[in-house]
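Heads up, the thing below is written out as C-alpha cells.
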Amino acid sequence: MTAAVGIRGVTKRFGDDVTAVDNVSLDIVDGEFFSLLGPSGCGKTTMLRMIAGLEFPTEGSIQIFGEELALKPPNKRPVNTVFQSYALFPHMTVEKNVAFGLEMRKVPKAETADRVTEAIAAVHMTGMENRKPKQLSGGQQQRVALARALINRPKVLLLDEPLGALDLKLRQAMQIELKDIQAEVGITFIYVTHDQEEALTMSNRIGVMEAGKLLQVGTPEEIYERPVNRFVAEFIGETNFIDGIATEDDRVRLADGTEVYAISDAPVGADVTLTLRPEKIQIHARDATNIPPERNQLPATITRQLYYGESFYYEIEIPGGELLDARLENIPSLRRWDVGTEVTISFHREAAEALTS
Amino acid sequence: MSVQQGTAHRPWVDRLLTINGWLIFGFLYLPIFILVIYSFSDSKIVGIWGGFTWKWYGRMFGNPEMMGALSNSIKVAIISTVIATILGTTAALALDRYRKWLGKGAFDVIMYMPVIIPEVTMGAMLLIWFTQVLPINLSIWTIILGHIAFSASFVAIIVRARLANLDDSLEEAARDLYANRWTTFRRVTLPLIMPGVMGGALLALTLSLDDVIITEFVQGPGASLLPVYVFGLIKRQVTPEINAVSTLMLGISMVLVFVSLGFQARSRSSEGNKEE
Amino acid sequence: MTMLDDHPSEEASPELEKKAERAESWRGFFTALPTYVFLIIFFVLPLIIITVISFTERSRTGKPVLGEWTLEWWIKLGDPLVRTVGFRSVWLAFLNTAFSLLLGYPFAYWIATRKSAIMRNFLLVLVLIPFWSNFLVRTYAWRTLLDSNGLITSIGEWTGLWGKMLFTEPAVFLGLLYGYLPFMVLPLYAAIEHLDWNLVEAARDLYAGAWKAFRKVTLPLSMPGIIAGSILVFIPSLGAYVTPDLLGGAKTTLLGNYIVTQFKSGRNWPFGATLSVTILALMMIATIIYFRKGGKTL
C-alpha cells in the first residue's frame, strides 16, 4: 500500500548556513492523525510548508499517494492548510471564504452552494455566513478556517498549530472536536504543534523533531514510554535523569556503586543515562519489607515536598547525590513524608530506560 | 481605546492647553475664511467690503485663459496620478514581496530620494534634462512626466506601509486554495492594499494640483496649469477674482479630504471592524 | 513562496531550488522594472546631469556649454551676496522648524489627550483640512491680510504695534510657519496618541511631579514624532519658493527664488545647477544629522 504522504531525504537549507530541515524521511499512513512535535525553530513548520508547497525543498522527494510533487506549486496540490493565524480573507464573508477553493476550481455554482452550506454546518457555524472574520471570536475563526480547507476534500489536511491562539478551555474543547471531525471525514491530518500534551492526546502517531532532524516516530505511548534519547525523554513529559555505566544483564551501575535493572541495549561498559518518569517512583518507609522483587530499590532522603492538589511532588536525594522528582497521586490512603525523612524508593525494572548518549 | 488614561492634568494646565489649541485653529482657519469672504465682495480692492456679489465667479468662469489652465490642471492631475499610482504600487510590491532581485538595494534608495529632494532642485534638473539632453519640447507632457517623477515615490511609501502590515499567510492561503499568482493578486492582495493605493493616489492628485515650482520649470509655452497661472496673476495684481479661483481650489482640496476620509472609513467597515 | 510554475514531476535538488529562486527573483525584478526605468530616465540621469552642468561654462544666453569646464560657479558660492541668501534661508528654515515645534507640540498634545475619541477625530480632521488645502491659496490668504488694507495691518496700525508687514522678512516667516505647521502637528499627534500612558502613570507613582513626568517620560517617548515633524517642516522651508516670492520682496530672496532666478532673468543655468546641488546636499546633511540623533523613525 502506498503511503498517504511519502517523504524521502528531504532537506531545506535557507542561505548557506541555516538548515531548517535535515534529511527527513517519513511515511504517513492514509487516515492517520499524525503530529509533528518539537520546540519552536525545530523545522516542523518548514516541513509542513514543504508538503503544502509554500516552500521549495533543497533536496528530496515528497509524494502524495505515489505522485511526486516536491516541485509543484501549492495551487496544484491535493492538500489544504489550516494556518496558524487562520489567514481568513478579511474582506470576504464567512460564506465567501469557505467557497473560495471551490470557486477557484470552477465547481458549478449550485454544487458550491450546497457544499458551502454543508461545510459551515459541519463546523457548527450555521447562521454566521454573512459575517466578516473580524466579527468572529478566535474559536469561530478557527472553525471557518477548518471548513474552508475541508470543503475541498483534500487528500491530506495540514494544520499549523491551529489551536495556539486559543485559551486553554477552548483549546481542549477544540482538540476533541478536531479529533471527531477527523474520524468523520477520514482524511489524513498532519498536525504541527509544540504542545506535547496536545500531540499525545490527539495523534495516532507522533514525529519528534529537533534542530531540523526527525528524532523519533511512534505512537504516543512509544514516544512517552520508550524515548530514543535524552531530548525526546525530556521534551515529552517530565523525567529524571541518573547517570551510570551499563553492566551485564540489563543492569546499570550508578555513581555510588549500586546496581539497578533497566531496559538497556547498551554494550557493557558504556556510559548511559537512565530516564525515569516521576510517576513511576514509589516511596516506602526505610524498613519496608513488602517491596516486590521486580522493583529496584534505593535508599533516599526526602528534601522537599510540594502540594499540587491532585498530586504530591517529592524531591528526593539518592546516594549518588542526584535529586529526583517523584509524583504521587493524591489518593486517600497516601502516606505523606516530612522533609528529612530517610526512606526507600522503588521503581519497576521496566520503568527505567538506559539511553546511550 | 475611547478614553486616554494617565492624562489627568491640573485644571489650569488643561485650560491653557485648550485656549492655545483654539487659538492655533484660529490661526489656521481665519486667513482662509477671510479669503473666501472677500471672494463675494463687490469691491475691486481686497480688504474692503463692498456688498455681496457673485460677479467674481462669473468673471472667473468667463476667463478663457483661466478655464484653459483649469482644464490643463485636471488633465495633468488625472494622467499623472494614474501612472504614478501604477508605478508606485508595482514598486512597493517588488520591494516588499520579493526577497532579493537584481539592483533591489539601489532601487530602494532611488525610490525614496524624490521625497526628500527639494522641489526647486527637481524642477531645475528636469528642465536641464528636457531642454539640454533629450530632444523634447516643453509641453503639457513634460509637466506630466515631472509630476509622476516625484509623486510615484509618495505612492510607493504609502502602499509599502500597507503591504508590510498585510499578513503573508493570506496570500499563501489563496495559493493553497488553488488560486494562481494572478488570481491571488487580483482577489486577495489588491483588495487588501486598496486603501493604501487609494490613499497614495489621492496624495499624488493633491501634489499634482498643488505644484507650482516643478510646473514653472518644465511647462511649455501656452500650456500653463491653474496654480502657476494664479501665481502669475497674484504677482501682477491682487483682485477679488483671485479670491474666487482660490475658493474654487480650496473647494477641490476639501472634496479630496472628504473622499480620503470616506475611503478610510469604508475600508475599515468592509473588513468588519467595529468603531475603534 | 519560491515555486516553479512548470511543475515537473521531479524530486527536488539544489539545482532546481536555485532555478526556482532565480525565477522568483526575476519576477521581482520585472515587477519593479517599469518604475526602475522611469526613475532612471527622469530622476537619476537628470540628477547626474545637473551635477555635471554645475562644472560647465555658460553661453551668452545663459545655457550650459558642455565640454568647457570651470569651477567658477562653485567658487561663486562664497560671494557675500550668495552667502547672505544661503544663511538667510537656513536661518529661516531653522527658525520655522523651532517655532512649529514650540507651537505644534502643545497643540498636538492637547488634541491627543482629549478624553473622547469623537472629539479627537474631529480635531484631527480640522488639522487635516489645512494640511491638504492648496498651498498657494493658503499663502495668498496671508498676502491680503498683510497688505495695506489687510486685517493684520489694520490691527497693527490701530494698536500702533506694527505697520504693513508685506514684503518683509517677518512676513515670510509668518507665511512659512502658517504653511508648514500642519506638517509638524500630524506626526506629533501620531506619536503622542500612541504613547503608553501607563508609563506616565508609573512615573507619577514613582513621585515624579507632573512637569518632571512630562520631561522624563512623555517628551522622550514622543521623540519619533518630533524628528519626523522637524524633517517634514525643515526640508520644504529650506527650498521655499512660493512663500518668499509672494510675501517677501527683493530684500528677502531665499535659495528657492534665487535658483529660479538663475534659470530665468539671471540667465545663468550652470550657477542655478550649482545652487540646486548645494541645496540638495544641505538637505541630505540635515536629514542624516536628524536620523543619527534620533534613531530611525520617519
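Just remember, in the C-alpha cells the first chain shown is A, the second B, etc., residues are 1-based per chain, and ligands are 1-based in the order shown.
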As a PyMOL selection string, please: the residues near stretch 269-272 of chain C (cut-off 10 Å, only C-alpha atoms, same-chain neighbours under 6 positions excluded). (chain B and resi 120-121+124-125+127-128) or (chain C and resi 50-59+61-65+70+72-74+76-77+258-263+278)
Could you write out that same residue set with C-alpha atoms as a PDB file, in the first residue's frame?
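This went into out-v4.pdb:
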```
ATOM      1  CA  VAL B 120      13.437  73.523  -6.900  1.00  0.00           C
ATOM      2  CA  THR B 121      16.235  71.036  -7.458  1.00  0.00           C
ATOM      3  CA  ALA B 124      15.873  72.575 -12.304  1.00  0.00           C
ATOM      4  CA  MET B 125      17.246  69.132 -13.110  1.00  0.00           C
ATOM      5  CA  LEU B 127      14.416  71.477 -17.096  1.00  0.00           C
ATOM      6  CA  ILE B 128      18.067  70.847 -17.932  1.00  0.00           C
TER       7      ILE B 128
ATOM      8  CA  ILE C  50      22.671  68.729 -13.169  1.00  0.00           C
ATOM      9  CA  THR C  51      25.790  67.927 -11.182  1.00  0.00           C
ATOM     10  CA  VAL C  52      27.832  67.822 -14.388  1.00  0.00           C
ATOM     11  CA  ILE C  53      26.312  71.108 -15.568  1.00  0.00           C
ATOM     12  CA  SER C  54      27.436  72.838 -12.392  1.00  0.00           C
ATOM     13  CA  PHE C  55      31.001  72.463 -13.738  1.00  0.00           C
ATOM     14  CA  THR C  56      30.382  73.901 -17.224  1.00  0.00           C
ATOM     15  CA  GLU C  57      30.829  77.327 -18.723  1.00  0.00           C
ATOM     16  CA  ARG C  58      27.715  79.230 -19.689  1.00  0.00           C
ATOM     17  CA  SER C  59      26.867  80.562 -23.136  1.00  0.00           C
ATOM     18  CA  THR C  61      22.092  83.084 -23.373  1.00  0.00           C
ATOM     19  CA  GLY C  62      22.895  81.563 -20.003  1.00  0.00           C
ATOM     20  CA  LYS C  63      22.699  77.923 -21.137  1.00  0.00           C
ATOM     21  CA  PRO C  64      25.465  75.495 -20.210  1.00  0.00           C
ATOM     22  CA  VAL C  65      28.201  74.722 -22.718  1.00  0.00           C
ATOM     23  CA  THR C  70      35.056  75.529 -14.921  1.00  0.00           C
ATOM     24  CA  GLU C  72      33.715  79.278 -11.292  1.00  0.00           C
ATOM     25  CA  TRP C  73      30.181  78.528 -10.046  1.00  0.00           C
ATOM     26  CA  TRP C  74      31.320  76.551  -7.063  1.00  0.00           C
ATOM     27  CA  LYS C  76      30.883  81.827  -6.594  1.00  0.00           C
ATOM     28  CA  LEU C  77      29.072  80.170  -3.654  1.00  0.00           C
ATOM     29  CA  TYR C 258      17.458  82.626  -6.163  1.00  0.00           C
ATOM     30  CA  ILE C 259      17.682  79.340  -8.053  1.00  0.00           C
ATOM     31  CA  VAL C 260      14.605  80.059 -10.157  1.00  0.00           C
ATOM     32  CA  THR C 261      16.053  83.487 -10.972  1.00  0.00           C
ATOM     33  CA  GLN C 262      19.214  81.890 -12.351  1.00  0.00           C
ATOM     34  CA  PHE C 263      17.180  79.923 -14.861  1.00  0.00           C
ATOM     35  CA  THR C 278      24.089  72.652  -2.914  1.00  0.00           C
TER      36      THR C 278
END
```
Enumerate, in order of chain and increasing residue number, the residues of chain B with an atom no farther than 6 Å from chain C, each with its shortest atom pair and distance in Å to one decimal, counting only C-alpha atoms, as JSON lines.
```
{"residue": "B:Ser2", "atom": "CA", "partner": "C:Ala117", "partner_atom": "CA", "distance": 5.1}
{"residue": "B:Val3", "atom": "CA", "partner": "C:Lys115", "partner_atom": "CA", "distance": 5.2}
{"residue": "B:Gln4", "atom": "CA", "partner": "C:Lys115", "partner_atom": "CA", "distance": 5.6}
{"residue": "B:Gly6", "atom": "CA", "partner": "C:Trp197", "partner_atom": "CA", "distance": 5.2}
{"residue": "B:Leu17", "atom": "CA", "partner": "C:Trp110", "partner_atom": "CA", "distance": 5.8}
{"residue": "B:Gly21", "atom": "CA", "partner": "C:Phe107", "partner_atom": "CA", "distance": 5.2}
{"residue": "B:Pro31", "atom": "CA", "partner": "C:Ala141", "partner_atom": "CA", "distance": 5.5}
{"residue": "B:Leu35", "atom": "CA", "partner": "C:Ala141", "partner_atom": "CA", "distance": 5.6}
{"residue": "B:Gly47", "atom": "CA", "partner": "C:Asn149", "partner_atom": "CA", "distance": 5.2}
{"residue": "B:Leu87", "atom": "CA", "partner": "C:Thr35", "partner_atom": "CA", "distance": 5.2}
{"residue": "B:Thr90", "atom": "CA", "partner": "C:Thr31", "partner_atom": "CA", "distance": 5.9}
{"residue": "B:Ala91", "atom": "CA", "partner": "C:Ala32", "partner_atom": "CA", "distance": 4.9}
{"residue": "B:Ala94", "atom": "CA", "partner": "C:Gly28", "partner_atom": "CA", "distance": 5.0}
{"residue": "B:Tyr98", "atom": "CA", "partner": "C:Gly28", "partner_atom": "CA", "distance": 5.3}
{"residue": "B:Lys100", "atom": "CA", "partner": "C:Ser25", "partner_atom": "CA", "distance": 6.0}
{"residue": "B:Trp101", "atom": "CA", "partner": "C:Ser25", "partner_atom": "CA", "distance": 4.8}
{"residue": "B:Pro118", "atom": "CA", "partner": "C:Gly239", "partner_atom": "CA", "distance": 5.6}
{"residue": "B:Thr121", "atom": "CA", "partner": "C:Ser276", "partner_atom": "CA", "distance": 4.8}
{"residue": "B:Met125", "atom": "CA", "partner": "C:Pro46", "partner_atom": "CA", "distance": 5.3}
{"residue": "B:Trp129", "atom": "CA", "partner": "C:Pro46", "partner_atom": "CA", "distance": 5.4}
{"residue": "B:Asp210", "atom": "CA", "partner": "C:Asn134", "partner_atom": "CA", "distance": 5.5}
{"residue": "B:Ser246", "atom": "CA", "partner": "C:Val137", "partner_atom": "CA", "distance": 5.5}
{"residue": "B:Leu250", "atom": "CA", "partner": "C:Ser133", "partner_atom": "CA", "distance": 5.9}
{"residue": "B:Ser253", "atom": "CA", "partner": "C:Ser133", "partner_atom": "CA", "distance": 5.1}
```
Please produce a file of those selected residues containing N, CA and C atoms, as a short mmCIF file (atom, residue, chain, number, x, y, z; two decimals), in the first residue's frame.
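Everything below was put into out-v5.cif:
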```cif
data_model
loop_
_atom_site.label_atom_id
_atom_site.label_comp_id
_atom_site.auth_asym_id
_atom_site.auth_seq_id
_atom_site.Cartn_x
_atom_site.Cartn_y
_atom_site.Cartn_z
N SER B 2 -11.21 54.31 23.85
CA SER B 2 -12.00 55.53 23.70
C SER B 2 -11.60 56.56 24.73
N VAL B 3 -10.95 56.14 25.76
CA VAL B 3 -10.56 57.10 26.79
C VAL B 3 -9.04 57.07 26.95
N GLN B 4 -8.42 58.20 26.92
CA GLN B 4 -6.98 58.28 27.14
C GLN B 4 -6.73 58.34 28.64
N GLY B 6 -4.18 58.36 32.14
CA GLY B 6 -2.90 58.92 32.58
C GLY B 6 -2.70 60.34 32.13
N LEU B 17 -3.97 74.66 27.72
CA LEU B 17 -3.83 73.87 26.51
C LEU B 17 -5.01 74.10 25.57
N GLY B 21 -4.97 75.67 21.97
CA GLY B 21 -5.46 74.86 20.86
C GLY B 21 -6.41 75.64 19.96
N PRO B 31 -7.36 83.10 8.16
CA PRO B 31 -6.96 83.62 6.85
C PRO B 31 -7.77 83.02 5.71
N LEU B 35 -10.31 85.05 3.17
CA LEU B 35 -10.11 84.93 1.72
C LEU B 35 -11.43 84.55 1.03
N GLY B 47 -10.07 93.45 0.84
CA GLY B 47 -9.86 94.05 2.16
C GLY B 47 -10.92 95.10 2.44
N LEU B 87 2.90 52.93 -11.09
CA LEU B 87 4.35 52.77 -10.88
C LEU B 87 4.68 52.61 -9.39
N THR B 90 3.45 49.04 -8.12
CA THR B 90 4.30 47.91 -8.54
C THR B 90 5.66 47.98 -7.84
N ALA B 91 6.17 49.19 -7.67
CA ALA B 91 7.46 49.32 -6.98
C ALA B 91 7.34 48.82 -5.55
N ALA B 94 7.27 45.03 -5.56
CA ALA B 94 8.58 44.45 -5.81
C ALA B 94 9.47 44.56 -4.58
N TYR B 98 9.23 40.58 -2.74
CA TYR B 98 10.28 39.74 -3.33
C TYR B 98 11.57 39.95 -2.55
N LYS B 100 14.88 39.16 -2.88
CA LYS B 100 16.03 39.83 -3.48
C LYS B 100 15.96 39.74 -4.99
N TRP B 101 16.39 40.79 -5.64
CA TRP B 101 16.47 40.78 -7.08
C TRP B 101 17.51 41.77 -7.53
N PRO B 118 14.54 68.74 -2.68
CA PRO B 118 13.77 69.98 -2.75
C PRO B 118 13.13 70.12 -4.14
N THR B 121 15.20 71.87 -6.85
CA THR B 121 16.23 71.04 -7.46
C THR B 121 15.61 70.12 -8.50
N MET B 125 16.59 70.24 -12.42
CA MET B 125 17.25 69.13 -13.11
C MET B 125 16.39 68.60 -14.26
N TRP B 129 17.44 68.53 -18.15
CA TRP B 129 17.33 67.23 -18.82
C TRP B 129 16.48 67.33 -20.09
N ASP B 210 -1.33 70.90 -6.45
CA ASP B 210 -0.70 71.93 -5.62
C ASP B 210 0.57 72.49 -6.25
N SER B 246 -9.32 80.99 -5.88
CA SER B 246 -8.76 80.36 -4.68
C SER B 246 -9.82 79.55 -3.95
N LEU B 250 -9.72 75.68 -3.08
CA LEU B 250 -9.94 75.17 -1.73
C LEU B 250 -11.05 74.14 -1.74
N SER B 253 -9.69 70.91 -2.90
CA SER B 253 -8.92 70.27 -1.82
C SER B 253 -9.85 69.63 -0.80
#
```
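Residues in contact range of B:Ala244, defined as at most 10 Å between only C-alpha atoms, with sequence neighbours fewer than 4 positions away removed, read Leu35, Val36, Ile37, Tyr38, Ser39, Phe40, Ser41, Trp54, Lys55, Trp56, Tyr57, Gly58, Arg59, Met60, Phe61, Thr239, Pro240, Leu248, Met249 and Leu250 of chain B.
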Which residues, written as a list in words, have at least one atom at most 12 Å from C:Pro220, with only C-alpha atoms counted and residues fewer than 3 positions away on the same chain left out? Ala191, Ile192, Leu195, Leu199, Val200, Lys212, Ala213, Phe214, Arg215, Lys216, Val217, Met223, Pro224, Gly225, Ile226, Ile227 and Gly294 of chain C
A straight line from atom CA of C:Gly163 to atom CA of C:Gly249 spans 15.8 Å
Between A:Leu178, A:Leu157, A:Val272, A:Ala183, smallest distance to chain B by only C-alpha atoms belongs to A:Leu157
Kindly provide the residues of chain A that approach chain C to within 9 Å, each paired with its closest atom pair and their distance in Å to one decimal, based on only C-alpha atoms, listed by chain and increasing number, as a Markdown table.
```
| residue | atom | partner | partner_atom | distance |
| --- | --- | --- | --- | --- |
| A:Val10 | CA | C:Ala12 | CA | 8.3 |
| A:Gly53 | CA | C:Met3 | CA | 7.6 |
| A:Leu54 | CA | C:Met1 | CA | 5.3 |
| A:Glu55 | CA | C:Met1 | CA | 5.7 |
| A:Phe56 | CA | C:Thr2 | CA | 6.0 |
| A:Pro57 | CA | C:Ala12 | CA | 5.9 |
| A:Thr58 | CA | C:Pro14 | CA | 5.0 |
| A:Glu59 | CA | C:Ser13 | CA | 4.3 |
| A:Gly60 | CA | C:Ala12 | CA | 5.2 |
| A:Ser61 | CA | C:Glu11 | CA | 4.8 |
| A:Ile62 | CA | C:Glu11 | CA | 7.4 |
| A:Glu67 | CA | C:Ser9 | CA | 7.8 |
| A:Glu68 | CA | C:Ser9 | CA | 5.4 |
| A:Leu69 | CA | C:Ser9 | CA | 6.0 |
| A:Ala70 | CA | C:Glu11 | CA | 5.8 |
| A:Leu71 | CA | C:His7 | CA | 5.7 |
| A:Lys72 | CA | C:His7 | CA | 4.6 |
| A:Pro73 | CA | C:Met3 | CA | 5.5 |
| A:Pro74 | CA | C:Met3 | CA | 8.3 |
| A:Lys76 | CA | C:His7 | CA | 8.4 |
```
Chain A near chain B within 10 Å: what's each residue's closest atom pair and its distance in Å to one decimal, counting only C-alpha atoms, ordered by chain then ascending residue number, as JSON lines?
```
{"residue": "A:Arg49", "atom": "CA", "partner": "B:Glu172", "partner_atom": "CA", "distance": 9.9}
{"residue": "A:Ala52", "atom": "CA", "partner": "B:Asp176", "partner_atom": "CA", "distance": 7.1}
{"residue": "A:Gly53", "atom": "CA", "partner": "B:Asp176", "partner_atom": "CA", "distance": 7.9}
{"residue": "A:Leu54", "atom": "CA", "partner": "B:Glu172", "partner_atom": "CA", "distance": 6.9}
{"residue": "A:Pro73", "atom": "CA", "partner": "B:Arg175", "partner_atom": "CA", "distance": 8.2}
{"residue": "A:Pro74", "atom": "CA", "partner": "B:Asp176", "partner_atom": "CA", "distance": 5.2}
{"residue": "A:Asn75", "atom": "CA", "partner": "B:Tyr178", "partner_atom": "CA", "distance": 3.8}
{"residue": "A:Lys76", "atom": "CA", "partner": "B:Tyr178", "partner_atom": "CA", "distance": 6.5}
{"residue": "A:Arg77", "atom": "CA", "partner": "B:Asp176", "partner_atom": "CA", "distance": 8.0}
{"residue": "A:Pro78", "atom": "CA", "partner": "B:Tyr178", "partner_atom": "CA", "distance": 9.2}
{"residue": "A:Val79", "atom": "CA", "partner": "B:Asp176", "partner_atom": "CA", "distance": 7.7}
{"residue": "A:Asn80", "atom": "CA", "partner": "B:Asp176", "partner_atom": "CA", "distance": 6.0}
{"residue": "A:Thr81", "atom": "CA", "partner": "B:Asp176", "partner_atom": "CA", "distance": 6.7}
{"residue": "A:Val82", "atom": "CA", "partner": "B:Ala173", "partner_atom": "CA", "distance": 8.3}
{"residue": "A:Phe83", "atom": "CA", "partner": "B:Ser169", "partner_atom": "CA", "distance": 7.4}
{"residue": "A:Gln84", "atom": "CA", "partner": "B:Ser169", "partner_atom": "CA", "distance": 8.9}
{"residue": "A:Ser85", "atom": "CA", "partner": "B:Ser169", "partner_atom": "CA", "distance": 7.7}
{"residue": "A:Tyr86", "atom": "CA", "partner": "B:Ser169", "partner_atom": "CA", "distance": 8.4}
{"residue": "A:Ala87", "atom": "CA", "partner": "B:Leu170", "partner_atom": "CA", "distance": 4.9}
{"residue": "A:Leu88", "atom": "CA", "partner": "B:Leu170", "partner_atom": "CA", "distance": 6.8}
{"residue": "A:Phe89", "atom": "CA", "partner": "B:Leu170", "partner_atom": "CA", "distance": 6.5}
{"residue": "A:Pro90", "atom": "CA", "partner": "B:Glu271", "partner_atom": "CA", "distance": 5.3}
{"residue": "A:His91", "atom": "CA", "partner": "B:Glu271", "partner_atom": "CA", "distance": 4.9}
{"residue": "A:Met92", "atom": "CA", "partner": "B:Glu271", "partner_atom": "CA", "distance": 7.7}
{"residue": "A:Thr93", "atom": "CA", "partner": "B:Glu271", "partner_atom": "CA", "distance": 9.0}
{"residue": "A:Asn97", "atom": "CA", "partner": "B:Ala174", "partner_atom": "CA", "distance": 9.8}
{"residue": "A:Val98", "atom": "CA", "partner": "B:Leu177", "partner_atom": "CA", "distance": 9.9}
{"residue": "A:Ala99", "atom": "CA", "partner": "B:Leu177", "partner_atom": "CA", "distance": 9.8}
{"residue": "A:Phe100", "atom": "CA", "partner": "B:Leu177", "partner_atom": "CA", "distance": 6.9}
{"residue": "A:Gly101", "atom": "CA", "partner": "B:Leu177", "partner_atom": "CA", "distance": 4.6}
{"residue": "A:Leu102", "atom": "CA", "partner": "B:Leu177", "partner_atom": "CA", "distance": 8.2}
{"residue": "A:Glu103", "atom": "CA", "partner": "B:Tyr178", "partner_atom": "CA", "distance": 9.0}
{"residue": "A:Met104", "atom": "CA", "partner": "B:Ala179", "partner_atom": "CA", "distance": 5.8}
{"residue": "A:Arg105", "atom": "CA", "partner": "B:Tyr178", "partner_atom": "CA", "distance": 6.7}
{"residue": "A:Arg131", "atom": "CA", "partner": "B:Gly272", "partner_atom": "CA", "distance": 7.8}
{"residue": "A:Lys132", "atom": "CA", "partner": "B:Gly272", "partner_atom": "CA", "distance": 5.4}
{"residue": "A:Pro133", "atom": "CA", "partner": "B:Gly272", "partner_atom": "CA", "distance": 7.3}
{"residue": "A:Lys134", "atom": "CA", "partner": "B:Gly272", "partner_atom": "CA", "distance": 5.7}
{"residue": "A:Gln135", "atom": "CA", "partner": "B:Gly272", "partner_atom": "CA", "distance": 6.2}
{"residue": "A:Leu136", "atom": "CA", "partner": "B:Gly272", "partner_atom": "CA", "distance": 9.6}
{"residue": "A:Ala145", "atom": "CA", "partner": "B:Ala173", "partner_atom": "CA", "distance": 9.8}
{"residue": "A:Arg148", "atom": "CA", "partner": "B:Leu177", "partner_atom": "CA", "distance": 8.6}
{"residue": "A:Ala149", "atom": "CA", "partner": "B:Leu177", "partner_atom": "CA", "distance": 7.6}
{"residue": "A:Asn152", "atom": "CA", "partner": "B:Leu177", "partner_atom": "CA", "distance": 8.2}
```
Need to verify the contact set: A:Arg327, 8 Å, only C-alpha atoms, exclusion of same-chain residues closer than 3 positions in sequence. Can you return it as a PDB file with N, CA and C atoms, in the first residue's frame?
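What landed in part-v2.pdb:
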```pdb
ATOM      1  N   PRO A 278       8.669  10.669  36.898  1.00  0.00           N
ATOM      2  CA  PRO A 278       8.361  10.921  38.309  1.00  0.00           C
ATOM      3  C   PRO A 278       7.215  10.066  38.835  1.00  0.00           C
ATOM      4  N   GLU A 279       6.225   9.749  37.974  1.00  0.00           N
ATOM      5  CA  GLU A 279       5.071   8.998  38.489  1.00  0.00           C
ATOM      6  C   GLU A 279       5.348   7.513  38.631  1.00  0.00           C
ATOM      7  N   LYS A 280       6.535   7.073  38.159  1.00  0.00           N
ATOM      8  CA  LYS A 280       6.856   5.650  38.251  1.00  0.00           C
ATOM      9  C   LYS A 280       7.593   5.321  39.550  1.00  0.00           C
ATOM     10  N   ILE A 281       7.879   6.338  40.338  1.00  0.00           N
ATOM     11  CA  ILE A 281       8.633   6.125  41.577  1.00  0.00           C
ATOM     12  C   ILE A 281       7.651   5.974  42.740  1.00  0.00           C
ATOM     13  N   SER A 311      -2.001  15.895  43.135  1.00  0.00           N
ATOM     14  CA  SER A 311      -0.838  15.047  43.423  1.00  0.00           C
ATOM     15  C   SER A 311       0.113  15.735  44.393  1.00  0.00           C
ATOM     16  N   PHE A 312       1.065  14.913  44.904  1.00  0.00           N
ATOM     17  CA  PHE A 312       2.160  15.456  45.715  1.00  0.00           C
ATOM     18  C   PHE A 312       3.463  15.281  44.959  1.00  0.00           C
ATOM     19  N   TYR A 313       4.290  16.295  45.010  1.00  0.00           N
ATOM     20  CA  TYR A 313       5.625  16.147  44.448  1.00  0.00           C
ATOM     21  C   TYR A 313       6.622  16.043  45.584  1.00  0.00           C
ATOM     22  N   TYR A 314       7.514  15.065  45.481  1.00  0.00           N
ATOM     23  CA  TYR A 314       8.614  14.990  46.439  1.00  0.00           C
ATOM     24  C   TYR A 314       9.921  15.106  45.689  1.00  0.00           C
TER      25      TYR A 314
END
```
Taking only stretch 54-214 of chain A into account, list the residues labelled alpha helix (DSSP H) by DSSP (computed from the backbone), as a ChimeraX atom specification. /A:94-104,109-122,138-150,168-185,196-202
Straight-line distance linking atom CA of C:Glu157 with atom CA of C:Ala93, stated in Å to one decimal: 28.6 Å
In Å, with one decimal, what is the gap from atom CA of A:Pro108 to atom CA of A:His124? 24.3 Å
For A:Asn296, find every residue with an atom within 7 Å (counting only C-alpha atoms), except residues of its own chain fewer than 6 positions away, and show them as a PyMOL selection string. chain A and resi 260-261+346-349
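Neighbours of stretch 167-173 of chain A closer than or equal to 12 Å, with only C-alpha atoms counted and sequence neighbours fewer than 3 positions away skipped, come out as A:Ser137, A:Gly138, A:Gly139, A:Gln140, A:Gln142, A:Arg143, A:Glu161, A:Pro162, A:Leu163, A:Gly164, A:Ile176, A:Glu177, A:Leu178, A:Lys179, A:Asp180, A:Asp195, A:Glu197, A:Glu198, A:Thr201, A:Met202.
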Please run DSSP on the backbone and report, as a list in words, all residues within stretch 17-70 of chain C that come out as strand (DSSP E or B).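 The strand (DSSP E or B) residues within stretch 17-70 of chain C come out as Thr56, Glu57, Arg58, Pro64, Val65, Leu66, Gly67, Glu68 and Trp69 of chain C.
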Kindly save the residues from that selection, with N, CA and C atoms included, as an mmCIF file, in the first residue's frame.
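Output contents, as saved in selection17.cif:
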```cif
data_model
loop_
_atom_site.group_PDB
_atom_site.id
_atom_site.type_symbol
_atom_site.label_atom_id
_atom_site.label_comp_id
_atom_site.auth_asym_id
_atom_site.auth_seq_id
_atom_site.Cartn_x
_atom_site.Cartn_y
_atom_site.Cartn_z
ATOM 1 N N THR C 56 30.177 73.444 -15.844
ATOM 2 C CA THR C 56 30.382 73.901 -17.224
ATOM 3 C C THR C 56 30.329 75.426 -17.321
ATOM 4 N N GLU C 57 30.938 75.906 -18.394
ATOM 5 C CA GLU C 57 30.829 77.327 -18.723
ATOM 6 C C GLU C 57 29.408 77.618 -19.182
ATOM 7 N N ARG C 58 29.033 78.913 -19.152
ATOM 8 C CA ARG C 58 27.715 79.230 -19.689
ATOM 9 C C ARG C 58 27.869 79.988 -21.011
ATOM 10 N N PRO C 64 24.156 76.119 -20.427
ATOM 11 C CA PRO C 64 25.465 75.495 -20.210
ATOM 12 C C PRO C 64 26.131 75.124 -21.521
ATOM 13 N N VAL C 65 27.454 75.157 -21.545
ATOM 14 C CA VAL C 65 28.201 74.722 -22.718
ATOM 15 C C VAL C 65 28.956 73.460 -22.333
ATOM 16 N N LEU C 66 28.455 72.335 -22.793
ATOM 17 C CA LEU C 66 29.088 71.059 -22.436
ATOM 18 C C LEU C 66 30.466 70.981 -23.078
ATOM 19 N N GLY C 67 31.437 70.502 -22.326
ATOM 20 C CA GLY C 67 32.775 70.350 -22.889
ATOM 21 C C GLY C 67 33.718 71.448 -22.433
ATOM 22 N N GLU C 68 33.160 72.557 -21.954
ATOM 23 C CA GLU C 68 34.038 73.596 -21.405
ATOM 24 C C GLU C 68 33.846 73.656 -19.901
ATOM 25 N N TRP C 69 34.879 73.256 -19.197
ATOM 26 C CA TRP C 69 34.722 73.051 -17.756
ATOM 27 C C TRP C 69 35.243 74.229 -16.946
#
```
